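Source file: target-v3.cif. Holds: mmCIF, C-alpha atoms and all ligand atoms.
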data_coords
#
loop_
_atom_site.label_atom_id
_atom_site.label_comp_id
_atom_site.auth_asym_id
_atom_site.auth_seq_id
_atom_site.Cartn_x
_atom_site.Cartn_y
_atom_site.Cartn_z
CA MET J 160 19.66 0.07 9.50
CA ASN J 161 19.65 3.70 10.71
CA SER J 162 20.18 4.02 14.44
CA SER J 163 17.47 6.69 14.78
CA PRO J 164 14.12 5.64 13.43
CA ARG J 165 12.03 8.30 11.75
CA LEU J 166 8.65 8.72 13.38
CA THR J 167 6.22 11.08 11.64
CA TRP J 168 3.21 12.35 13.59
CA LEU J 169 0.00 13.33 11.81
CA GLU J 170 -2.83 15.25 13.43
CA THR J 171 -5.53 13.34 11.60
CA VAL J 172 -5.52 10.88 8.71
CA ASP J 173 -7.89 8.35 7.19
CA SER J 174 -5.60 5.46 8.16
CA THR J 175 -1.89 5.40 8.97
CA ASN J 176 -1.63 2.21 6.89
CA LEU J 177 -3.17 3.91 3.86
CA TYR J 178 -0.94 6.95 4.38
CA ALA J 179 2.19 4.77 4.44
CA LEU J 180 1.08 2.95 1.27
CA ARG J 181 0.29 6.24 -0.51
CA HIS J 182 3.66 7.78 0.49
CA TYR J 183 5.62 4.57 0.05
CA ASN J 184 8.20 6.08 -2.32
CA GLU J 185 9.01 9.04 -0.04
CA LEU J 186 9.30 6.91 3.07
CA GLU J 187 12.31 4.88 4.11
CA ASP J 188 12.61 1.35 5.35
CA GLY J 189 11.98 1.36 9.10
CA ASP J 190 9.95 4.59 9.16
CA SER J 191 6.88 4.82 11.35
CA ILE J 192 3.78 6.95 10.90
CA ALA J 193 1.60 7.76 13.91
CA ALA J 194 -1.61 9.76 14.05
CA LEU J 195 -3.63 11.35 16.82
CA GLU J 196 -6.80 10.37 15.02
CA GLN J 197 -7.87 8.04 12.21
CA THR J 198 -11.10 8.80 10.41
CA ALA J 199 -11.19 5.43 8.62
CA GLY J 200 -9.01 3.15 10.75
CA ARG J 201 -8.79 -0.27 9.16
CA GLY J 202 -9.15 -3.54 11.03
CA ARG J 203 -8.86 -7.17 10.11
CA GLU J 204 -11.42 -8.73 7.74
CA GLY J 205 -12.71 -5.37 6.50
CA ARG J 206 -13.72 -4.17 9.95
CA GLN J 207 -13.21 -0.60 11.15
CA TRP J 208 -10.66 0.14 13.85
CA PHE J 209 -12.04 2.41 16.57
CA SER J 210 -9.71 5.44 16.48
CA PRO J 211 -10.98 8.35 18.62
CA PRO J 212 -8.78 11.50 18.64
CA GLY J 213 -5.94 11.78 21.15
CA ARG J 214 -6.81 8.62 23.06
CA ASN J 215 -5.02 5.62 21.65
CA LEU J 216 -1.98 4.66 19.64
CA TYR J 217 -2.33 4.27 15.85
CA LEU J 218 1.02 3.55 14.25
CA SER J 219 2.21 2.01 11.00
CA PHE J 220 5.71 0.65 10.48
CA LEU J 221 7.17 0.28 7.00
CA ILE J 222 9.35 -2.64 5.99
CA LYS J 223 10.81 -2.41 2.52
CA HIS J 224 12.13 -5.66 1.00
CA PRO J 225 10.41 -7.75 3.69
CA PRO J 226 11.92 -11.04 4.75
CA GLU J 227 10.28 -14.20 3.41
CA PRO J 228 7.74 -15.51 4.11
CA ALA J 229 6.07 -12.09 4.23
CA TYR J 230 3.21 -13.22 6.50
CA ARG J 231 5.71 -13.57 9.34
CA VAL J 232 6.24 -9.80 9.42
CA SER J 233 3.18 -9.59 11.66
CA ILE J 234 5.22 -11.45 14.28
CA ILE J 235 7.62 -8.50 14.49
CA ALA J 236 4.72 -6.13 15.07
CA ALA J 237 2.98 -8.37 17.61
CA LEU J 238 6.11 -8.86 19.73
CA ALA J 239 7.05 -5.15 19.58
CA ALA J 240 3.51 -4.22 20.70
CA LEU J 241 3.79 -6.74 23.52
CA ASP J 242 7.14 -5.19 24.52
CA LEU J 243 5.45 -1.79 24.82
CA VAL J 244 2.42 -3.02 26.73
CA ARG J 245 4.58 -4.95 29.20
CA GLN J 246 6.86 -1.94 29.63
CA LEU J 247 3.88 0.28 30.49
CA CYS J 248 1.98 -2.24 32.55
CA PRO J 249 4.11 -5.22 33.61
CA GLU J 250 1.47 -6.60 35.96
CA ALA J 251 -1.20 -7.03 33.25
CA GLU J 252 -2.13 -10.53 32.02
CA THR J 253 -1.07 -9.82 28.45
CA TRP J 254 -0.87 -12.50 25.79
CA LEU J 255 -1.04 -12.92 22.04
CA LYS J 256 -4.11 -14.41 20.47
CA TRP J 257 -3.75 -15.96 17.05
CA PRO J 258 -3.80 -14.61 14.43
CA ASN J 259 -2.97 -11.01 15.32
CA ASP J 260 -4.53 -9.81 18.56
CA LEU J 261 -2.96 -8.73 21.79
CA CYS J 262 -5.24 -9.42 24.74
CA CYS J 263 -5.41 -8.62 28.39
CA GLY J 264 -7.40 -11.31 30.16
CA ASN J 265 -10.29 -12.07 27.82
CA GLN J 266 -10.43 -8.63 26.24
CA LYS J 267 -8.68 -7.20 23.23
CA LEU J 268 -6.09 -4.53 23.92
CA ALA J 269 -4.45 -4.20 20.52
CA GLY J 270 -4.68 -5.41 16.94
CA ILE J 271 -2.34 -5.66 13.99
CA LEU J 272 -3.09 -5.31 10.32
CA CYS J 273 -0.32 -5.90 7.78
CA GLU J 274 -0.87 -4.65 4.26
CA GLY J 275 1.39 -5.15 1.26
CA LYS J 276 2.75 -2.69 -1.28
CA ILE J 277 2.47 -4.69 -4.46
CA SER J 278 3.97 -3.76 -7.79
CA ASP J 279 4.74 -5.92 -10.80
CA GLY J 280 2.85 -8.69 -9.01
CA LYS J 281 5.43 -8.78 -6.21
CA ILE J 282 5.35 -7.66 -2.58
CA GLN J 283 7.79 -4.73 -2.50
CA GLY J 284 7.07 -3.73 1.07
CA ILE J 285 4.82 -4.33 4.02
CA VAL J 286 3.08 -1.82 6.24
CA ALA J 287 2.50 -3.25 9.70
CA GLY J 288 -0.30 -1.25 11.32
CA ILE J 289 -0.65 -1.44 15.08
CA GLY J 290 -3.56 -0.10 17.09
CA ILE J 291 -3.20 -0.15 20.89
CA ASN J 292 -5.97 0.98 23.21
CA LEU J 293 -3.92 3.13 25.56
CA ASN J 294 -6.35 5.55 27.17
CA SER J 295 -9.88 4.66 26.07
CA GLU J 296 -12.52 4.68 28.79
CA VAL J 297 -14.86 1.78 29.62
CA SER J 298 -17.86 3.72 28.26
CA GLU J 299 -16.24 4.16 24.81
CA LEU J 300 -15.21 0.53 24.48
CA ALA J 301 -18.56 -0.79 25.68
CA ALA J 302 -20.06 0.42 22.41
CA LEU J 303 -17.81 -1.92 20.37
CA ASP J 304 -19.15 -5.26 19.20
CA ARG J 305 -16.30 -7.27 20.75
CA PRO J 306 -14.92 -7.22 24.30
CA ALA J 307 -12.08 -4.69 24.47
CA THR J 308 -10.06 -2.96 27.14
CA SER J 309 -7.36 -0.29 27.40
CA LEU J 310 -4.14 0.04 29.36
CA LYS J 311 -5.71 2.93 31.27
CA ILE J 312 -8.59 0.70 32.37
CA VAL J 313 -6.15 -2.02 33.37
CA SER J 314 -3.58 0.17 35.14
CA GLY J 315 -5.56 3.26 36.19
CA VAL J 316 -2.84 5.41 34.61
CA THR J 317 -3.13 7.76 31.62
CA HIS J 318 -0.31 6.97 29.21
CA ASP J 319 1.64 9.48 27.13
CA LEU J 320 1.00 8.85 23.43
CA HIS J 321 4.25 10.36 22.17
CA ALA J 322 6.46 8.46 24.61
CA ALA J 323 4.59 5.24 23.79
CA ALA J 324 4.99 5.80 20.03
CA ASP J 325 8.74 6.49 20.43
CA PHE J 326 9.19 3.31 22.41
CA LEU J 327 7.15 1.25 19.94
CA ALA J 328 8.97 2.63 16.88
CA ASN J 329 12.28 1.68 18.49
CA ARG J 330 11.12 -1.79 19.46
CA LEU J 331 9.84 -2.38 15.91
CA ARG J 332 13.27 -1.57 14.47
CA HIS J 333 14.98 -3.71 17.08
CA ARG J 334 12.60 -6.62 16.52
CA GLU J 335 12.94 -6.36 12.75
CA ALA J 336 16.74 -6.50 12.97
CA ALA J 337 16.57 -9.51 15.31
CA PHE J 338 14.06 -11.22 13.02
CA ARG J 339 16.40 -10.90 10.06
CA ILE J 340 19.18 -12.55 12.11
CA ASP J 341 17.17 -15.45 13.54
CA GLN J 342 13.66 -15.70 12.19
CA ASP J 343 13.00 -19.12 13.71
CA ALA J 344 13.86 -17.97 17.24
CA MET J 345 11.37 -15.11 16.95
CA PHE J 346 8.71 -17.37 15.45
CA GLN J 347 9.16 -19.67 18.45
CA GLU J 348 8.90 -16.73 20.87
CA TRP J 349 5.71 -15.60 19.12
CA LYS J 350 4.28 -19.12 19.34
CA ASN J 351 5.08 -19.27 23.05
CA GLU J 352 3.22 -16.01 23.67
CA ASN J 353 0.17 -17.40 21.81
CA LYS J 354 -1.80 -18.95 24.64
CA LEU J 355 -4.51 -20.59 22.52
CA VAL J 356 -2.65 -23.84 21.80
CA GLY J 357 -3.93 -26.66 23.98
CA GLN J 358 -6.98 -24.66 25.05
CA HIS J 359 -10.65 -25.46 24.70
CA VAL J 360 -12.17 -22.58 22.73
CA THR J 361 -15.18 -21.41 20.83
CA ALA J 362 -14.29 -20.79 17.19
CA ALA J 363 -16.28 -18.32 15.10
CA CYS J 364 -15.42 -18.39 11.41
CA GLY J 365 -17.57 -17.28 8.49
CA GLY J 366 -20.81 -17.31 10.50
CA ASP J 367 -20.12 -20.81 11.84
CA THR J 368 -19.53 -21.32 15.60
CA ARG J 369 -17.99 -24.52 17.01
CA SER J 370 -16.22 -25.51 20.18
CA GLY J 371 -13.10 -27.63 20.38
CA ILE J 372 -9.39 -27.64 21.08
CA ILE J 373 -6.60 -25.75 19.34
CA THR J 374 -3.94 -28.37 18.74
CA ALA J 375 -1.13 -26.48 16.97
CA ILE J 376 0.14 -23.38 15.22
CA ASN J 377 2.01 -24.57 12.13
CA ASP J 378 5.17 -23.22 10.53
CA ASP J 379 3.10 -21.63 7.74
CA GLY J 380 1.16 -19.64 10.39
CA SER J 381 -2.05 -21.70 10.08
CA LEU J 382 -3.84 -23.08 13.11
CA ASP J 383 -5.12 -26.63 13.72
CA PHE J 384 -8.41 -27.20 15.51
CA THR J 385 -10.17 -30.38 16.63
CA ALA J 386 -13.88 -29.87 17.22
CA ASP J 387 -15.67 -31.59 20.11
CA ASN J 388 -17.12 -34.08 17.61
CA GLY J 389 -13.59 -35.07 16.53
CA GLU J 390 -13.58 -33.23 13.17
CA THR J 391 -10.29 -31.52 12.42
CA SER J 392 -9.85 -28.22 10.56
CA ARG J 393 -7.02 -25.91 9.61
CA TYR J 394 -7.65 -22.17 9.86
CA LEU J 395 -5.87 -19.24 8.23
CA SER J 396 -7.89 -16.71 10.21
CA GLY J 397 -10.82 -16.64 12.59
CA ASP J 398 -11.97 -15.55 16.03
CA PHE J 399 -11.44 -17.79 19.02
CA THR J 400 -12.72 -17.30 22.55
CA ILE J 401 -11.04 -18.94 25.50
CA SER J 402 -12.90 -19.50 28.79
CA ARG J 403 -12.20 -17.39 31.89
CA GLU J 404 -11.41 -20.60 33.81
CA ALA J 405 -8.71 -21.53 31.29
CA LEU J 406 -7.26 -18.02 31.53
CA ASP J 407 -7.17 -18.23 35.32
CA GLN J 408 -5.03 -21.36 34.96
CA LEU J 409 -2.73 -19.64 32.47
CA PHE J 410 -2.34 -16.57 34.72
CA PRO J 411 -2.69 -17.92 38.26
CA LYS J 412 -3.32 -15.26 40.92
CA PRO J 413 -0.60 -15.14 43.60
C1 LIG P 1 -7.49 -5.68 13.96
O1 LIG P 1 -8.58 -5.72 13.39
O2 LIG P 1 -7.30 -6.26 15.02
C2 LIG P 1 -6.36 -4.89 13.35
C3 LIG P 1 -6.39 -3.46 13.77
C4 LIG P 1 -5.23 -2.63 13.24
C5 LIG P 1 -5.40 -1.16 13.57
C6 LIG P 1 -4.21 -0.35 13.20
S1 LIG P 1 -4.28 1.31 13.83
C7 LIG P 1 -2.90 1.75 12.87
C8 LIG P 1 -3.08 1.08 11.53
N1 LIG P 1 -3.88 1.88 10.65
C9 LIG P 1 -5.04 1.29 10.35
O3 LIG P 1 -5.91 1.80 9.61
N2 LIG P 1 -5.12 0.11 10.95
C10 LIG P 1 -3.93 -0.18 11.72
#
Write out the structure in this file as structure tokens.
Amino acid sequence: MNSSPRLTWLETVDSTNLYALRHYNELEDGDSIAALEQTAGRGREGRQWFSPPGRNLYLSFLIKHPPEPAYRVSIIAALAALDLVRQLCPEAETWLKWPNDLCCGNQKLAGILCEGKISDGKIQGIVAGIGINLNSEVSELAALDRPATSLKIVSGVTHDLHAAADFLANRLRHREAAFRIDQDAMFQEWKNENKLVGQHVTAACGGDTRSGIITAINDDGSLDFTADNGETSRYLSGDFTISREALDQLFPKP
């Protein structure tokens, strides 16, 4: 591992993930690509990621020869993003929401999209794309179809994009190195930061909405759910909403 990570800044790009995949051969393991603007930012499940110019952090981190199982690479990205958010705003009620969201209270602050570089039918590398709403205003986020917030809204402070990207790129390298040493410890840390387990939630998956309890996150990254009528299901992805009352218990006010 190099001690100084390479962070490349782009003025504008379709998507930092796509850029990293296109330039895979020229990039090195542990490199990060950040952009001031994405014109076609990619989100989970084919959604677009809101990427206005100069406002928020859009960064992709490249892992060549990813550790197995590859799906766990998103854990590295989620914990590094949490490190940054807590560094900038320690007082915020930040938590991880399975599968790949970082929330503040009941609103989304950041998302992660991992995409694979496949050749000869094998995953050669993984690009972990991280979008963090640093400086978006309430009016911009109100137009989105899901509740979202930014660190500026939460803290009242405008955050420096370059300093934030430097910190995140470093934390990604640090987290990746630690993951390779003790993957299970980091998986456990990630599970502990996921506040959905044990909570009564509304689950929205494939047009179907049900309420029930999240009972477990399994070692393969799937999630177990018991609906109010007693039916059990296992999810690989989905959107879950936790009540404000449950959050108040998780983050009691002093
Ligand atoms: C999600 O839907 O929650 C995942 C969002 C991931 C957005 C980031 S921004 C940097 C990188 N480039 C992209 O096009 N997407 C990811």
Report as JSON lines: every residue of chain J with an atom at most 9 Å from ligand LIG 1 (chain P), its closest pair of atoms, and their distance in Å to one decimal, counting all atoms listed in the file, with rows sorted by chain and ascending residue number.
{"residue": "J:Asp173", "atom": "CA", "partner": "P:LIG1", "partner_atom": "O3", "distance": 7.3}
{"residue": "J:Ser174", "atom": "CA", "partner": "P:LIG1", "partner_atom": "O3", "distance": 3.9}
{"residue": "J:Thr175", "atom": "CA", "partner": "P:LIG1", "partner_atom": "N1", "distance": 4.4}
{"residue": "J:Asn176", "atom": "CA", "partner": "P:LIG1", "partner_atom": "N1", "distance": 4.4}
{"residue": "J:Leu177", "atom": "CA", "partner": "P:LIG1", "partner_atom": "O3", "distance": 6.7}
{"residue": "J:Tyr178", "atom": "CA", "partner": "P:LIG1", "partner_atom": "N1", "distance": 8.6}
{"residue": "J:Ile192", "atom": "CA", "partner": "P:LIG1", "partner_atom": "C7", "distance": 8.7}
{"residue": "J:Ala193", "atom": "CA", "partner": "P:LIG1", "partner_atom": "C7", "distance": 7.6}
{"residue": "J:Ala194", "atom": "CA", "partner": "P:LIG1", "partner_atom": "C7", "distance": 8.2}
{"residue": "J:Gln197", "atom": "CA", "partner": "P:LIG1", "partner_atom": "O3", "distance": 7.0}
{"residue": "J:Thr198", "atom": "CA", "partner": "P:LIG1", "partner_atom": "O3", "distance": 8.8}
{"residue": "J:Ala199", "atom": "CA", "partner": "P:LIG1", "partner_atom": "O3", "distance": 6.5}
{"residue": "J:Gly200", "atom": "CA", "partner": "P:LIG1", "partner_atom": "O3", "distance": 3.6}
{"residue": "J:Arg201", "atom": "CA", "partner": "P:LIG1", "partner_atom": "O3", "distance": 3.6}
{"residue": "J:Gly202", "atom": "CA", "partner": "P:LIG1", "partner_atom": "O1", "distance": 3.3}
{"residue": "J:Arg203", "atom": "CA", "partner": "P:LIG1", "partner_atom": "O1", "distance": 3.6}
{"residue": "J:Glu204", "atom": "CA", "partner": "P:LIG1", "partner_atom": "O1", "distance": 7.0}
{"residue": "J:Gly205", "atom": "CA", "partner": "P:LIG1", "partner_atom": "O1", "distance": 8.0}
{"residue": "J:Arg206", "atom": "CA", "partner": "P:LIG1", "partner_atom": "O1", "distance": 6.4}
{"residue": "J:Gln207", "atom": "CA", "partner": "P:LIG1", "partner_atom": "O1", "distance": 7.3}
{"residue": "J:Trp208", "atom": "CA", "partner": "P:LIG1", "partner_atom": "C5", "distance": 5.4}
{"residue": "J:Phe209", "atom": "CA", "partner": "P:LIG1", "partner_atom": "C5", "distance": 8.1}
{"residue": "J:Ser210", "atom": "CA", "partner": "P:LIG1", "partner_atom": "S1", "distance": 7.3}
{"residue": "J:Asn215", "atom": "CA", "partner": "P:LIG1", "partner_atom": "S1", "distance": 9.0}
{"residue": "J:Leu216", "atom": "CA", "partner": "P:LIG1", "partner_atom": "S1", "distance": 7.1}
{"residue": "J:Tyr217", "atom": "CA", "partner": "P:LIG1", "partner_atom": "C7", "distance": 3.9}
{"residue": "J:Leu218", "atom": "CA", "partner": "P:LIG1", "partner_atom": "C7", "distance": 4.5}
{"residue": "J:Ser219", "atom": "CA", "partner": "P:LIG1", "partner_atom": "C8", "distance": 5.4}
{"residue": "J:Phe220", "atom": "CA", "partner": "P:LIG1", "partner_atom": "C8", "distance": 8.9}
{"residue": "J:Asn259", "atom": "CA", "partner": "P:LIG1", "partner_atom": "O2", "distance": 6.4}
{"residue": "J:Asp260", "atom": "CA", "partner": "P:LIG1", "partner_atom": "O2", "distance": 5.7}
{"residue": "J:Leu261", "atom": "CA", "partner": "P:LIG1", "partner_atom": "O2", "distance": 8.4}
{"residue": "J:Lys267", "atom": "CA", "partner": "P:LIG1", "partner_atom": "O2", "distance": 8.4}
{"residue": "J:Ala269", "atom": "CA", "partner": "P:LIG1", "partner_atom": "O2", "distance": 6.5}
{"residue": "J:Gly270", "atom": "CA", "partner": "P:LIG1", "partner_atom": "O2", "distance": 3.4}
{"residue": "J:Ile271", "atom": "CA", "partner": "P:LIG1", "partner_atom": "C2", "distance": 4.1}
{"residue": "J:Leu272", "atom": "CA", "partner": "P:LIG1", "partner_atom": "C2", "distance": 4.5}
{"residue": "J:Cys273", "atom": "CA", "partner": "P:LIG1", "partner_atom": "C10", "distance": 7.8}
{"residue": "J:Val286", "atom": "CA", "partner": "P:LIG1", "partner_atom": "C8", "distance": 8.6}
{"residue": "J:Ala287", "atom": "CA", "partner": "P:LIG1", "partner_atom": "C8", "distance": 7.3}
{"residue": "J:Gly288", "atom": "CA", "partner": "P:LIG1", "partner_atom": "C8", "distance": 3.6}
{"residue": "J:Ile289", "atom": "CA", "partner": "P:LIG1", "partner_atom": "C6", "distance": 4.2}
{"residue": "J:Gly290", "atom": "CA", "partner": "P:LIG1", "partner_atom": "S1", "distance": 3.6}
{"residue": "J:Ile291", "atom": "CA", "partner": "P:LIG1", "partner_atom": "S1", "distance": 7.3}
**OP:** Take the point (14.6, -13.3, 15.9) in the file's coordinates, draw a sphere of radius 12 Å around it, and report as a list in words every protein, DNA or RNA residue with an atom inside or on it, counting all atoms listed in the file.
**Re:** Pro226, Arg231, Val232, Ile234, Ile235, Leu238, Ala239, Leu331, Arg332, His333, Arg334, Glu335, Ala336, Ala337, Phe338, Arg339, Ile340, Asp341, Gln342, Asp343, Ala344, Met345, Phe346, Gln347, Glu348 and Trp349 of chain J
Subject >> Length of the CA of Leu169 in chain J to CA of Leu195 in chain J vector [Å] >> reply: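 Between CA of Leu169 in chain J and CA of Leu195 in chain J the gap works out to 6.5 Å.
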Original post:
Taking (-3.0, -18.0, 24.8) in the file's coordinates, which residues come within 8 Å, counting all atoms listed in the file, written as a ChimeraX atom specification?
Top reply: /J:254-256,352-356,358,406,409
**OP:** Please identify all polymer residues within 8 Å of Ile222 in chain J, counting all atoms listed in the file, omitting same-chain residues fewer than 6 positions from it, and present them as a PyMOL selection string.
**Re:** chain J and resi 188-190+284-287
**OP:** Rounded to one decimal place, report the CA of Asn294 in chain J-CA of Lys311 in chain J distance in Å.
**Re:** 4.9 Å
Subject >> Interatomic distance, CA of Ser314 in chain J to CA of Gln408 in chain J (Å, one decimal) >> reply: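 If I compute the distance from CA of Ser314 in chain J to CA of Gln408 in chain J, I get 21.6 Å.
Closest approach to Asp325 in chain J among J:Ala237, J:Leu180, J:Leu243, J:Ala362 is made by J:Leu243 (distances from all atoms listed in the file).
Minimum atom-to-atom distances from J:Phe399, J:Tyr183, J:Tyr230, J:Tyr394 to Cys262 in chain J were compared using all atoms listed in the file, and the lowest value belongs to J:Phe399.
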Original post:
Using all atoms listed in the file, which residue out of J:Leu303, J:Leu320, J:Ile372, J:Ile277 lies closest to Val360 in chain J?
Top reply: J:Ile372
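Using only C-alpha atoms for every distance, the candidate list J:Asp242, J:Glu404, J:Glu187, J:Glu390 yields J:Glu187 as the residue closest to His224 in chain J.
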Take range 232-255 of chain J, model N, CA and C atoms, and hand the result over as a PDB file, keeping the file's coordinate frame.
ATOM      1  N   VAL J 232       5.959 -11.165   8.984  1.00  0.00           N
ATOM      2  CA  VAL J 232       6.240  -9.800   9.420  1.00  0.00           C
ATOM      3  C   VAL J 232       5.309  -9.397  10.568  1.00  0.00           C
ATOM      4  N   SER J 233       4.108  -9.954  10.578  1.00  0.00           N
ATOM      5  CA  SER J 233       3.180  -9.590  11.660  1.00  0.00           C
ATOM      6  C   SER J 233       3.719 -10.012  13.020  1.00  0.00           C
ATOM      7  N   ILE J 234       4.610 -10.999  13.017  1.00  0.00           N
ATOM      8  CA  ILE J 234       5.220 -11.450  14.280  1.00  0.00           C
ATOM      9  C   ILE J 234       6.061 -10.328  14.891  1.00  0.00           C
ATOM     10  N   ILE J 235       6.789  -9.623  14.033  1.00  0.00           N
ATOM     11  CA  ILE J 235       7.620  -8.500  14.490  1.00  0.00           C
ATOM     12  C   ILE J 235       6.740  -7.474  15.186  1.00  0.00           C
ATOM     13  N   ALA J 236       5.618  -7.149  14.525  1.00  0.00           N
ATOM     14  CA  ALA J 236       4.720  -6.130  15.070  1.00  0.00           C
ATOM     15  C   ALA J 236       4.077  -6.601  16.375  1.00  0.00           C
ATOM     16  N   ALA J 237       3.663  -7.860  16.409  1.00  0.00           N
ATOM     17  CA  ALA J 237       2.980  -8.370  17.610  1.00  0.00           C
ATOM     18  C   ALA J 237       3.935  -8.360  18.804  1.00  0.00           C
ATOM     19  N   LEU J 238       5.172  -8.798  18.593  1.00  0.00           N
ATOM     20  CA  LEU J 238       6.110  -8.860  19.730  1.00  0.00           C
ATOM     21  C   LEU J 238       6.542  -7.456  20.159  1.00  0.00           C
ATOM     22  N   ALA J 239       6.681  -6.527  19.202  1.00  0.00           N
ATOM     23  CA  ALA J 239       7.050  -5.150  19.580  1.00  0.00           C
ATOM     24  C   ALA J 239       5.905  -4.506  20.374  1.00  0.00           C
ATOM     25  N   ALA J 240       4.662  -4.766  19.960  1.00  0.00           N
ATOM     26  CA  ALA J 240       3.510  -4.220  20.700  1.00  0.00           C
ATOM     27  C   ALA J 240       3.468  -4.810  22.110  1.00  0.00           C
ATOM     28  N   LEU J 241       3.759  -6.100  22.197  1.00  0.00           N
ATOM     29  CA  LEU J 241       3.790  -6.740  23.520  1.00  0.00           C
ATOM     30  C   LEU J 241       4.890  -6.141  24.387  1.00  0.00           C
ATOM     31  N   ASP J 242       6.038  -5.843  23.782  1.00  0.00           N
ATOM     32  CA  ASP J 242       7.140  -5.190  24.520  1.00  0.00           C
ATOM     33  C   ASP J 242       6.651  -3.876  25.130  1.00  0.00           C
ATOM     34  N   LEU J 243       5.924  -3.093  24.330  1.00  0.00           N
ATOM     35  CA  LEU J 243       5.450  -1.790  24.820  1.00  0.00           C
ATOM     36  C   LEU J 243       4.441  -1.966  25.962  1.00  0.00           C
ATOM     37  N   VAL J 244       3.487  -2.847  25.736  1.00  0.00           N
ATOM     38  CA  VAL J 244       2.420  -3.020  26.730  1.00  0.00           C
ATOM     39  C   VAL J 244       3.012  -3.522  28.053  1.00  0.00           C
ATOM     40  N   ARG J 245       3.979  -4.421  27.961  1.00  0.00           N
ATOM     41  CA  ARG J 245       4.580  -4.950  29.200  1.00  0.00           C
ATOM     42  C   ARG J 245       5.469  -3.910  29.876  1.00  0.00           C
ATOM     43  N   GLN J 246       6.059  -3.028  29.070  1.00  0.00           N
ATOM     44  CA  GLN J 246       6.860  -1.940  29.630  1.00  0.00           C
ATOM     45  C   GLN J 246       5.958  -0.982  30.420  1.00  0.00           C
ATOM     46  N   LEU J 247       4.780  -0.679  29.855  1.00  0.00           N
ATOM     47  CA  LEU J 247       3.880   0.280  30.490  1.00  0.00           C
ATOM     48  C   LEU J 247       3.115  -0.338  31.649  1.00  0.00           C
ATOM     49  N   CYS J 248       2.849  -1.618  31.552  1.00  0.00           N
ATOM     50  CA  CYS J 248       1.980  -2.240  32.550  1.00  0.00           C
ATOM     51  C   CYS J 248       2.416  -3.691  32.779  1.00  0.00           C
ATOM     52  N   PRO J 249       3.551  -3.871  33.494  1.00  0.00           N
ATOM     53  CA  PRO J 249       4.110  -5.220  33.610  1.00  0.00           C
ATOM     54  C   PRO J 249       3.203  -6.201  34.335  1.00  0.00           C
ATOM     55  N   GLU J 250       2.304  -5.685  35.159  1.00  0.00           N
ATOM     56  CA  GLU J 250       1.470  -6.600  35.960  1.00  0.00           C
ATOM     57  C   GLU J 250       0.262  -7.138  35.191  1.00  0.00           C
ATOM     58  N   ALA J 251       0.004  -6.598  33.994  1.00  0.00           N
ATOM     59  CA  ALA J 251      -1.200  -7.030  33.250  1.00  0.00           C
ATOM     60  C   ALA J 251      -1.023  -8.427  32.677  1.00  0.00           C
ATOM     61  N   GLU J 252      -2.144  -9.168  32.596  1.00  0.00           N
ATOM     62  CA  GLU J 252      -2.130 -10.530  32.020  1.00  0.00           C
ATOM     63  C   GLU J 252      -2.156 -10.429  30.501  1.00  0.00           C
ATOM     64  N   THR J 253      -1.058 -10.045  29.898  1.00  0.00           N
ATOM     65  CA  THR J 253      -1.070  -9.820  28.450  1.00  0.00           C
ATOM     66  C   THR J 253      -0.599 -11.072  27.701  1.00  0.00           C
ATOM     67  N   TRP J 254      -1.220 -11.325  26.593  1.00  0.00           N
ATOM     68  CA  TRP J 254      -0.870 -12.500  25.790  1.00  0.00           C
ATOM     69  C   TRP J 254      -1.272 -12.257  24.345  1.00  0.00           C
ATOM     70  N   LEU J 255      -0.702 -13.053  23.456  1.00  0.00           N
ATOM     71  CA  LEU J 255      -1.040 -12.920  22.040  1.00  0.00           C
ATOM     72  C   LEU J 255      -2.082 -13.969  21.665  1.00  0.00           C
TER      73      LEU J 255
END
